[in-house]
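**Student:** Quick one: the structure is below, and I'll ask about it shortly.
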Amino acid sequence: MPDKVLILIALSVIIVMLAGTATRMGKPQPATPVTMDRIMRVEPPRPLSVATVAGPAVVTFWATWCTPCLRELPTFLPFKAKADKAGINLLAIAEDKDGAKVVQPFVEQHGLGAVPMRLDADNSLSKAMGVRGLPTTLILNSKGEEVGRVEGETDWSTDEAFEAVSSLVQPR
């Protein structure tokens, strides 16, 4: 009889632990803000083998199946408003293999139409840019050279994020 009690207690503890983990995983986690120490600087600036956008730019790689990407993408809306005024372009590149039939409804449903999008269904662009995981954001100077990148979920909505990007894309 004591063995059955111990087994029931152990199973109860495991169930409580799993329930607690599932509850935490379901809650949105705050994204890490962009600061200069989060940006991996590229010295000297790296010419890109594929042209993505003209002028200084922020290019983010994402996918509809990537949960951190889905939390990060809306933070680009306030960033874009500041970037537009400063002449910094923004481009979001979707890595969904099903292309527009998946991405377009998602963009419309989440009010992200203001963020310029491009599709990379075969991942050729992300491979050419050395993207190792999603989300990844590249920061390009006015020559189209990579001067920095941020890997992982980030909060781009802050003034600090905009200032960090601006300091990197300004001609030296």
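Convention: chains lettered A, B, ... in structure tokens order; per-chain residue numbering from 1; ligands numbered from 1 as shown.
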Would you kindly return, as a list of chain:residue names, each protein, DNA or RNA residue with an atom no farther than 10 Å from any atom of Leu119 (chain A), considering only C-alpha atoms and excluding same-chain residues fewer than 4 positions away?
**Tutor:** A:Phe61, A:Trp62, A:Ala63, A:Ala92, A:Ile93, A:Ala94, A:Glu95, A:Asp96, A:Lys97, A:Asp98, A:Gly99, A:Ala100, A:Val103, A:Gln104, A:Asn123, A:Leu125
**Student:** As a PDB file with N, CA and C atoms, in the first residue's frame, please: all residues of chain A that backbone DSSP puts in alpha helix (DSSP H).
**Tutor:**
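Written file, out.pdb:
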```
ATOM      1  N   PRO A   2       1.905   1.348   0.796  1.00  0.00           N
ATOM      2  CA  PRO A   2       2.728   2.558   0.788  1.00  0.00           C
ATOM      3  C   PRO A   2       3.354   2.842  -0.583  1.00  0.00           C
ATOM      4  N   ASP A   3       3.680   1.781  -1.349  1.00  0.00           N
ATOM      5  CA  ASP A   3       4.254   2.008  -2.683  1.00  0.00           C
ATOM      6  C   ASP A   3       3.267   2.728  -3.594  1.00  0.00           C
ATOM      7  N   LYS A   4       1.998   2.349  -3.504  1.00  0.00           N
ATOM      8  CA  LYS A   4       0.970   2.998  -4.322  1.00  0.00           C
ATOM      9  C   LYS A   4       0.813   4.465  -3.943  1.00  0.00           C
ATOM     10  N   VAL A   5       0.894   4.756  -2.661  1.00  0.00           N
ATOM     11  CA  VAL A   5       0.785   6.131  -2.187  1.00  0.00           C
ATOM     12  C   VAL A   5       1.961   6.955  -2.711  1.00  0.00           C
ATOM     13  N   LEU A   6       3.165   6.401  -2.620  1.00  0.00           N
ATOM     14  CA  LEU A   6       4.347   7.106  -3.118  1.00  0.00           C
ATOM     15  C   LEU A   6       4.254   7.365  -4.618  1.00  0.00           C
ATOM     16  N   ILE A   7       3.771   6.390  -5.342  1.00  0.00           N
ATOM     17  CA  ILE A   7       3.618   6.552  -6.793  1.00  0.00           C
ATOM     18  C   ILE A   7       2.601   7.643  -7.087  1.00  0.00           C
ATOM     19  N   LEU A   8       1.480   7.662  -6.374  1.00  0.00           N
ATOM     20  CA  LEU A   8       0.468   8.699  -6.572  1.00  0.00           C
ATOM     21  C   LEU A   8       1.018  10.086  -6.246  1.00  0.00           C
ATOM     22  N   ILE A   9       1.774  10.173  -5.170  1.00  0.00           N
ATOM     23  CA  ILE A   9       2.381  11.463  -4.798  1.00  0.00           C
ATOM     24  C   ILE A   9       3.364  11.911  -5.883  1.00  0.00           C
ATOM     25  N   ALA A  10       4.202  10.998  -6.356  1.00  0.00           N
ATOM     26  CA  ALA A  10       5.176  11.337  -7.403  1.00  0.00           C
ATOM     27  C   ALA A  10       4.466  11.780  -8.678  1.00  0.00           C
ATOM     28  N   LEU A  11       3.422  11.063  -9.068  1.00  0.00           N
ATOM     29  CA  LEU A  11       2.667  11.447 -10.260  1.00  0.00           C
ATOM     30  C   LEU A  11       2.003  12.807 -10.078  1.00  0.00           C
ATOM     31  N   SER A  12       1.492  13.075  -8.896  1.00  0.00           N
ATOM     32  CA  SER A  12       0.867  14.378  -8.615  1.00  0.00           C
ATOM     33  C   SER A  12       1.880  15.513  -8.741  1.00  0.00           C
ATOM     34  N   VAL A  13       3.061  15.296  -8.199  1.00  0.00           N
ATOM     35  CA  VAL A  13       4.118  16.309  -8.285  1.00  0.00           C
ATOM     36  C   VAL A  13       4.499  16.563  -9.745  1.00  0.00           C
ATOM     37  N   ILE A  14       4.648  15.515 -10.517  1.00  0.00           N
ATOM     38  CA  ILE A  14       4.995  15.655 -11.937  1.00  0.00           C
ATOM     39  C   ILE A  14       3.910  16.422 -12.679  1.00  0.00           C
ATOM     40  N   ILE A  15       2.649  16.103 -12.429  1.00  0.00           N
ATOM     41  CA  ILE A  15       1.541  16.789 -13.100  1.00  0.00           C
ATOM     42  C   ILE A  15       1.532  18.273 -12.740  1.00  0.00           C
ATOM     43  N   VAL A  16       1.747  18.611 -11.487  1.00  0.00           N
ATOM     44  CA  VAL A  16       1.786  20.014 -11.066  1.00  0.00           C
ATOM     45  C   VAL A  16       2.942  20.739 -11.741  1.00  0.00           C
ATOM     46  N   MET A  17       4.094  20.103 -11.821  1.00  0.00           N
ATOM     47  CA  MET A  17       5.255  20.729 -12.471  1.00  0.00           C
ATOM     48  C   MET A  17       4.980  20.962 -13.956  1.00  0.00           C
ATOM     49  N   LEU A  18       4.403  19.986 -14.636  1.00  0.00           N
ATOM     50  CA  LEU A  18       4.085  20.136 -16.056  1.00  0.00           C
ATOM     51  C   LEU A  18       3.052  21.225 -16.278  1.00  0.00           C
ATOM     52  N   ALA A  19       2.057  21.303 -15.423  1.00  0.00           N
ATOM     53  CA  ALA A  19       1.028  22.331 -15.549  1.00  0.00           C
ATOM     54  C   ALA A  19       1.642  23.719 -15.360  1.00  0.00           C
ATOM     55  N   GLY A  20       2.541  23.860 -14.415  1.00  0.00           N
ATOM     56  CA  GLY A  20       3.202  25.146 -14.197  1.00  0.00           C
ATOM     57  C   GLY A  20       4.051  25.556 -15.378  1.00  0.00           C
ATOM     58  N   THR A  21       4.766  24.612 -15.967  1.00  0.00           N
ATOM     59  CA  THR A  21       5.589  24.895 -17.143  1.00  0.00           C
ATOM     60  C   THR A  21       4.714  25.295 -18.316  1.00  0.00           C
ATOM     61  N   ALA A  22       3.622  24.575 -18.535  1.00  0.00           N
ATOM     62  CA  ALA A  22       2.719  24.887 -19.648  1.00  0.00           C
ATOM     63  C   ALA A  22       2.109  26.264 -19.468  1.00  0.00           C
ATOM     64  N   THR A  23       1.774  26.640 -18.250  1.00  0.00           N
ATOM     65  CA  THR A  23       1.190  27.951 -17.991  1.00  0.00           C
ATOM     66  C   THR A  23       2.194  29.052 -18.327  1.00  0.00           C
ATOM     67  N   ARG A  24       3.444  28.898 -17.929  1.00  0.00           N
ATOM     68  CA  ARG A  24       4.473  29.907 -18.218  1.00  0.00           C
ATOM     69  C   ARG A  24       4.747  30.011 -19.703  1.00  0.00           C
ATOM     70  N   MET A  25       4.743  28.876 -20.398  1.00  0.00           N
ATOM     71  CA  MET A  25       5.037  28.881 -21.828  1.00  0.00           C
ATOM     72  C   MET A  25       3.935  29.586 -22.610  1.00  0.00           C
ATOM     73  N   GLY A  26       2.692  29.522 -22.134  1.00  0.00           N
ATOM     74  CA  GLY A  26       1.582  30.137 -22.841  1.00  0.00           C
ATOM     75  C   GLY A  26       1.525  31.642 -22.679  1.00  0.00           C
ATOM     76  N   THR A  67       7.129  31.452 -33.175  1.00  0.00           N
ATOM     77  CA  THR A  67       6.470  32.178 -32.089  1.00  0.00           C
ATOM     78  C   THR A  67       7.234  33.443 -31.666  1.00  0.00           C
ATOM     79  N   PRO A  68       8.552  33.408 -31.467  1.00  0.00           N
ATOM     80  CA  PRO A  68       9.259  34.651 -31.130  1.00  0.00           C
ATOM     81  C   PRO A  68       9.124  35.710 -32.231  1.00  0.00           C
ATOM     82  N   CYS A  69       9.088  35.275 -33.487  1.00  0.00           N
ATOM     83  CA  CYS A  69       8.914  36.216 -34.602  1.00  0.00           C
ATOM     84  C   CYS A  69       7.567  36.914 -34.506  1.00  0.00           C
ATOM     85  N   LEU A  70       6.552  36.162 -34.140  1.00  0.00           N
ATOM     86  CA  LEU A  70       5.196  36.703 -34.072  1.00  0.00           C
ATOM     87  C   LEU A  70       5.063  37.724 -32.960  1.00  0.00           C
ATOM     88  N   ARG A  71       5.818  37.544 -31.887  1.00  0.00           N
ATOM     89  CA  ARG A  71       5.817  38.546 -30.818  1.00  0.00           C
ATOM     90  C   ARG A  71       6.640  39.758 -31.227  1.00  0.00           C
ATOM     91  N   GLU A  72       7.717  39.539 -31.980  1.00  0.00           N
ATOM     92  CA  GLU A  72       8.620  40.623 -32.349  1.00  0.00           C
ATOM     93  C   GLU A  72       8.066  41.511 -33.460  1.00  0.00           C
ATOM     94  N   PHE A  76       7.925  46.308 -34.767  1.00  0.00           N
ATOM     95  CA  PHE A  76       8.507  47.086 -35.861  1.00  0.00           C
ATOM     96  C   PHE A  76       7.598  48.228 -36.316  1.00  0.00           C
ATOM     97  N   LEU A  77       6.323  48.202 -35.962  1.00  0.00           N
ATOM     98  CA  LEU A  77       5.419  49.278 -36.391  1.00  0.00           C
ATOM     99  C   LEU A  77       5.839  50.635 -35.823  1.00  0.00           C
ATOM    100  N   PRO A  78       6.058  50.778 -34.499  1.00  0.00           N
ATOM    101  CA  PRO A  78       6.540  52.067 -33.997  1.00  0.00           C
ATOM    102  C   PRO A  78       7.945  52.401 -34.515  1.00  0.00           C
ATOM    103  N   PHE A  79       8.775  51.371 -34.670  1.00  0.00           N
ATOM    104  CA  PHE A  79      10.129  51.590 -35.212  1.00  0.00           C
ATOM    105  C   PHE A  79      10.043  52.175 -36.617  1.00  0.00           C
ATOM    106  N   LYS A  80       9.152  51.643 -37.446  1.00  0.00           N
ATOM    107  CA  LYS A  80       9.021  52.079 -38.823  1.00  0.00           C
ATOM    108  C   LYS A  80       8.654  53.557 -38.906  1.00  0.00           C
ATOM    109  N   ALA A  81       7.785  54.016 -38.035  1.00  0.00           N
ATOM    110  CA  ALA A  81       7.393  55.425 -38.043  1.00  0.00           C
ATOM    111  C   ALA A  81       8.614  56.333 -37.834  1.00  0.00           C
ATOM    112  N   LYS A  82       9.481  55.956 -36.915  1.00  0.00           N
ATOM    113  CA  LYS A  82      10.704  56.732 -36.652  1.00  0.00           C
ATOM    114  C   LYS A  82      11.695  56.575 -37.806  1.00  0.00           C
ATOM    115  N   ALA A  83      11.827  55.356 -38.298  1.00  0.00           N
ATOM    116  CA  ALA A  83      12.784  55.083 -39.374  1.00  0.00           C
ATOM    117  C   ALA A  83      12.416  55.824 -40.653  1.00  0.00           C
ATOM    118  N   ASP A  84      11.135  55.864 -40.976  1.00  0.00           N
ATOM    119  CA  ASP A  84      10.698  56.580 -42.184  1.00  0.00           C
ATOM    120  C   ASP A  84      11.142  58.035 -42.143  1.00  0.00           C
ATOM    121  N   LYS A  85      10.990  58.679 -40.997  1.00  0.00           N
ATOM    122  CA  LYS A  85      11.386  60.091 -40.853  1.00  0.00           C
ATOM    123  C   LYS A  85      12.892  60.268 -41.016  1.00  0.00           C
ATOM    124  N   ALA A  86      13.665  59.246 -40.647  1.00  0.00           N
ATOM    125  CA  ALA A  86      15.127  59.323 -40.702  1.00  0.00           C
ATOM    126  C   ALA A  86      15.701  58.770 -42.008  1.00  0.00           C
ATOM    127  N   ALA A 100       3.043  33.327 -50.164  1.00  0.00           N
ATOM    128  CA  ALA A 100       2.019  34.349 -50.007  1.00  0.00           C
ATOM    129  C   ALA A 100       0.702  33.808 -49.469  1.00  0.00           C
ATOM    130  N   LYS A 101       0.349  32.580 -49.795  1.00  0.00           N
ATOM    131  CA  LYS A 101      -0.944  32.060 -49.339  1.00  0.00           C
ATOM    132  C   LYS A 101      -1.000  31.921 -47.817  1.00  0.00           C
ATOM    133  N   VAL A 102       0.147  31.883 -47.156  1.00  0.00           N
ATOM    134  CA  VAL A 102       0.203  31.840 -45.698  1.00  0.00           C
ATOM    135  C   VAL A 102       0.522  33.224 -45.134  1.00  0.00           C
ATOM    136  N   VAL A 103       1.472  33.910 -45.755  1.00  0.00           N
ATOM    137  CA  VAL A 103       1.964  35.175 -45.220  1.00  0.00           C
ATOM    138  C   VAL A 103       0.941  36.301 -45.374  1.00  0.00           C
ATOM    139  N   GLN A 104       0.348  36.444 -46.537  1.00  0.00           N
ATOM    140  CA  GLN A 104      -0.562  37.565 -46.783  1.00  0.00           C
ATOM    141  C   GLN A 104      -1.751  37.590 -45.823  1.00  0.00           C
ATOM    142  N   PRO A 105      -2.454  36.472 -45.615  1.00  0.00           N
ATOM    143  CA  PRO A 105      -3.549  36.511 -44.640  1.00  0.00           C
ATOM    144  C   PRO A 105      -3.067  36.850 -43.229  1.00  0.00           C
ATOM    145  N   PHE A 106      -1.894  36.341 -42.860  1.00  0.00           N
ATOM    146  CA  PHE A 106      -1.345  36.622 -41.539  1.00  0.00           C
ATOM    147  C   PHE A 106      -1.076  38.119 -41.381  1.00  0.00           C
ATOM    148  N   VAL A 107      -0.453  38.719 -42.387  1.00  0.00           N
ATOM    149  CA  VAL A 107      -0.131  40.149 -42.351  1.00  0.00           C
ATOM    150  C   VAL A 107      -1.418  40.972 -42.217  1.00  0.00           C
ATOM    151  N   GLU A 108      -2.415  40.643 -43.004  1.00  0.00           N
ATOM    152  CA  GLU A 108      -3.687  41.368 -42.948  1.00  0.00           C
ATOM    153  C   GLU A 108      -4.372  41.188 -41.599  1.00  0.00           C
ATOM    154  N   GLN A 109      -4.412  39.967 -41.107  1.00  0.00           N
ATOM    155  CA  GLN A 109      -5.084  39.662 -39.845  1.00  0.00           C
ATOM    156  C   GLN A 109      -4.463  40.404 -38.672  1.00  0.00           C
ATOM    157  N   SER A 124      16.573  30.863 -49.956  1.00  0.00           N
ATOM    158  CA  SER A 124      17.830  31.197 -50.628  1.00  0.00           C
ATOM    159  C   SER A 124      18.402  32.524 -50.142  1.00  0.00           C
ATOM    160  N   LEU A 125      17.542  33.484 -49.879  1.00  0.00           N
ATOM    161  CA  LEU A 125      18.009  34.783 -49.408  1.00  0.00           C
ATOM    162  C   LEU A 125      18.574  34.677 -47.993  1.00  0.00           C
ATOM    163  N   SER A 126      17.877  33.964 -47.136  1.00  0.00           N
ATOM    164  CA  SER A 126      18.372  33.840 -45.764  1.00  0.00           C
ATOM    165  C   SER A 126      19.710  33.090 -45.734  1.00  0.00           C
ATOM    166  N   LYS A 127      19.860  32.099 -46.603  1.00  0.00           N
ATOM    167  CA  LYS A 127      21.143  31.380 -46.675  1.00  0.00           C
ATOM    168  C   LYS A 127      22.249  32.306 -47.166  1.00  0.00           C
ATOM    169  N   ALA A 128      21.951  33.100 -48.200  1.00  0.00           N
ATOM    170  CA  ALA A 128      22.951  34.024 -48.743  1.00  0.00           C
ATOM    171  C   ALA A 128      23.370  35.067 -47.712  1.00  0.00           C
ATOM    172  N   ASP A 159      12.765  53.832 -28.113  1.00  0.00           N
ATOM    173  CA  ASP A 159      13.661  54.874 -28.625  1.00  0.00           C
ATOM    174  C   ASP A 159      15.098  54.366 -28.662  1.00  0.00           C
ATOM    175  N   GLU A 160      15.460  53.529 -27.684  1.00  0.00           N
ATOM    176  CA  GLU A 160      16.819  52.988 -27.629  1.00  0.00           C
ATOM    177  C   GLU A 160      17.121  52.136 -28.857  1.00  0.00           C
ATOM    178  N   ALA A 161      16.133  51.374 -29.308  1.00  0.00           N
ATOM    179  CA  ALA A 161      16.328  50.546 -30.499  1.00  0.00           C
ATOM    180  C   ALA A 161      16.584  51.423 -31.710  1.00  0.00           C
ATOM    181  N   PHE A 162      15.789  52.451 -31.862  1.00  0.00           N
ATOM    182  CA  PHE A 162      15.972  53.347 -32.996  1.00  0.00           C
ATOM    183  C   PHE A 162      17.326  54.055 -32.923  1.00  0.00           C
ATOM    184  N   GLU A 163      17.712  54.505 -31.754  1.00  0.00           N
ATOM    185  CA  GLU A 163      19.003  55.196 -31.591  1.00  0.00           C
ATOM    186  C   GLU A 163      20.170  54.252 -31.871  1.00  0.00           C
ATOM    187  N   ALA A 164      20.062  52.998 -31.430  1.00  0.00           N
ATOM    188  CA  ALA A 164      21.131  52.037 -31.687  1.00  0.00           C
ATOM    189  C   ALA A 164      21.306  51.803 -33.176  1.00  0.00           C
ATOM    190  N   VAL A 165      20.187  51.644 -33.886  1.00  0.00           N
ATOM    191  CA  VAL A 165      20.256  51.437 -35.344  1.00  0.00           C
ATOM    192  C   VAL A 165      20.795  52.693 -36.024  1.00  0.00           C
ATOM    193  N   SER A 166      20.285  53.851 -35.640  1.00  0.00           N
ATOM    194  CA  SER A 166      20.727  55.105 -36.257  1.00  0.00           C
ATOM    195  C   SER A 166      22.220  55.313 -36.120  1.00  0.00           C
ATOM    196  N   SER A 167      22.754  54.984 -34.949  1.00  0.00           N
ATOM    197  CA  SER A 167      24.197  55.192 -34.736  1.00  0.00           C
ATOM    198  C   SER A 167      25.037  54.286 -35.638  1.00  0.00           C
ATOM    199  N   LEU A 168      24.488  53.121 -36.006  1.00  0.00           N
ATOM    200  CA  LEU A 168      25.230  52.205 -36.862  1.00  0.00           C
ATOM    201  C   LEU A 168      25.142  52.575 -38.343  1.00  0.00           C
ATOM    202  N   VAL A 169      24.035  53.110 -38.786  1.00  0.00           N
ATOM    203  CA  VAL A 169      23.855  53.341 -40.214  1.00  0.00           C
ATOM    204  C   VAL A 169      24.367  54.698 -40.663  1.00  0.00           C
TER     205      VAL A 169
END
```
**Student:** Just checking: using only C-alpha atoms, which residue out of A:Val42, A:Leu73, A:Leu90, A:Leu134 ends up closest to Gly152 (chain A)?
**Tutor:**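 Among the listed residues, the smallest separation from Gly152 (chain A) belongs to A:Leu134.
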**Student:** Near region 139-146 of chain A, within 8 Å and counting only C-alpha atoms, which residues show up once chain neighbours fewer than 2 positions away are dropped, as a list in words?
**Tutor:**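 Listing them by chain and then by number gives Val42, Pro45, Arg46, Pro47, Leu48, Ala51, Val53, Ala54, Gly55, Pro56, Ala57, Val58, Val59, Thr137, Gly148, Arg149, Val165, Leu168, Val169, Gln170 and Pro171 of chain A.
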**Student:** For the residues selected in the previous step, produce a file with C-alpha atoms as a tab-separated table (two decimals), in the first residue's frame.
**Tutor:**
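Saved file out-v4.tsv follows:
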```tsv
chain	number	residue	atom	x	y	z
A	42	VAL	CA	30.14	43.62	-38.25
A	45	PRO	CA	31.05	46.24	-42.88
A	46	ARG	CA	30.21	43.14	-44.91
A	47	PRO	CA	29.09	43.58	-48.51
A	48	LEU	CA	26.04	41.46	-49.18
A	51	ALA	CA	20.73	43.27	-52.88
A	53	VAL	CA	16.87	47.20	-50.27
A	54	ALA	CA	18.48	50.53	-51.17
A	55	GLY	CA	19.90	52.91	-48.58
A	56	PRO	CA	20.29	52.36	-44.86
A	57	ALA	CA	17.95	49.61	-43.78
A	58	VAL	CA	16.79	47.14	-41.20
A	59	VAL	CA	15.97	43.74	-42.71
A	137	THR	CA	17.55	41.20	-38.11
A	148	GLY	CA	25.20	44.76	-37.45
A	149	ARG	CA	22.76	41.98	-36.70
A	165	VAL	CA	20.26	51.44	-35.34
A	168	LEU	CA	25.23	52.20	-36.86
A	169	VAL	CA	23.86	53.34	-40.21
A	170	GLN	CA	25.20	56.90	-40.11
A	171	PRO	CA	28.17	57.40	-42.45
```
**Student:** Taking only C-alpha atoms into account, which of A:Pro116, A:Thr136, A:Pro74, A:Met40 comes nearest Trp156 (chain A)?
**Tutor:**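 Residue with the minimum atom-to-atom distance to Trp156 (chain A): A:Pro74.
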**Student:** Just give me the gap between CA of Glu153 (chain A) and CA of Asp37 (chain A) in Å, one decimal is fine.
**Tutor:**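 These atoms are spaced 14.5 Å apart.
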**Student:** Taking the chain letters and numbering used in this document, name the residues of chain A that DSSP puts in strand (DSSP E or B), as a PDB file with C-alpha atoms, in the first residue's frame.
**Tutor:**
```pdb
ATOM      1  CA  THR A  32      14.668  41.906 -24.896  1.00  0.00           C
ATOM      2  CA  PRO A  33      15.073  45.549 -25.877  1.00  0.00           C
ATOM      3  CA  MET A  40      26.573  42.017 -33.081  1.00  0.00           C
ATOM      4  CA  ARG A  41      28.660  44.605 -34.912  1.00  0.00           C
ATOM      5  CA  VAL A  42      30.135  43.621 -38.247  1.00  0.00           C
ATOM      6  CA  GLU A  43      33.621  45.122 -38.613  1.00  0.00           C
ATOM      7  CA  PRO A  44      34.496  45.929 -41.301  1.00  0.00           C
ATOM      8  CA  PRO A  45      31.047  46.243 -42.885  1.00  0.00           C
ATOM      9  CA  ARG A  46      30.209  43.144 -44.915  1.00  0.00           C
ATOM     10  CA  PRO A  47      29.095  43.580 -48.513  1.00  0.00           C
ATOM     11  CA  ALA A  57      17.948  49.608 -43.777  1.00  0.00           C
ATOM     12  CA  VAL A  58      16.789  47.142 -41.201  1.00  0.00           C
ATOM     13  CA  VAL A  59      15.973  43.743 -42.715  1.00  0.00           C
ATOM     14  CA  THR A  60      14.275  41.190 -40.522  1.00  0.00           C
ATOM     15  CA  PHE A  61      13.828  37.503 -41.300  1.00  0.00           C
ATOM     16  CA  TRP A  62      10.729  35.879 -39.800  1.00  0.00           C
ATOM     17  CA  ASN A  89      14.144  51.526 -44.765  1.00  0.00           C
ATOM     18  CA  LEU A  90      12.496  48.521 -43.178  1.00  0.00           C
ATOM     19  CA  LEU A  91      11.952  45.177 -44.868  1.00  0.00           C
ATOM     20  CA  ALA A  92      10.503  41.979 -43.394  1.00  0.00           C
ATOM     21  CA  ILE A  93      11.394  38.778 -45.237  1.00  0.00           C
ATOM     22  CA  ALA A  94       9.058  35.842 -44.642  1.00  0.00           C
ATOM     23  CA  MET A 117       7.255  42.323 -46.927  1.00  0.00           C
ATOM     24  CA  ARG A 118       9.158  40.041 -49.248  1.00  0.00           C
ATOM     25  CA  LEU A 119       8.888  36.282 -49.566  1.00  0.00           C
ATOM     26  CA  THR A 136      17.257  37.517 -37.248  1.00  0.00           C
ATOM     27  CA  THR A 137      17.547  41.199 -38.106  1.00  0.00           C
ATOM     28  CA  LEU A 138      20.308  42.719 -40.228  1.00  0.00           C
ATOM     29  CA  ILE A 139      21.290  46.377 -40.071  1.00  0.00           C
ATOM     30  CA  LEU A 140      22.604  47.783 -43.342  1.00  0.00           C
ATOM     31  CA  GLU A 145      26.666  46.605 -46.330  1.00  0.00           C
ATOM     32  CA  GLU A 146      25.845  44.719 -43.156  1.00  0.00           C
ATOM     33  CA  VAL A 147      27.072  46.684 -40.142  1.00  0.00           C
ATOM     34  CA  GLY A 148      25.205  44.759 -37.454  1.00  0.00           C
ATOM     35  CA  ARG A 149      22.757  41.983 -36.698  1.00  0.00           C
ATOM     36  CA  VAL A 150      20.508  40.899 -33.875  1.00  0.00           C
ATOM     37  CA  GLU A 151      19.622  37.236 -33.476  1.00  0.00           C
ATOM     38  CA  THR A 154      13.818  41.746 -29.742  1.00  0.00           C
ATOM     39  CA  ASP A 155      11.655  44.727 -28.854  1.00  0.00           C
TER      40      ASP A 155
END
```
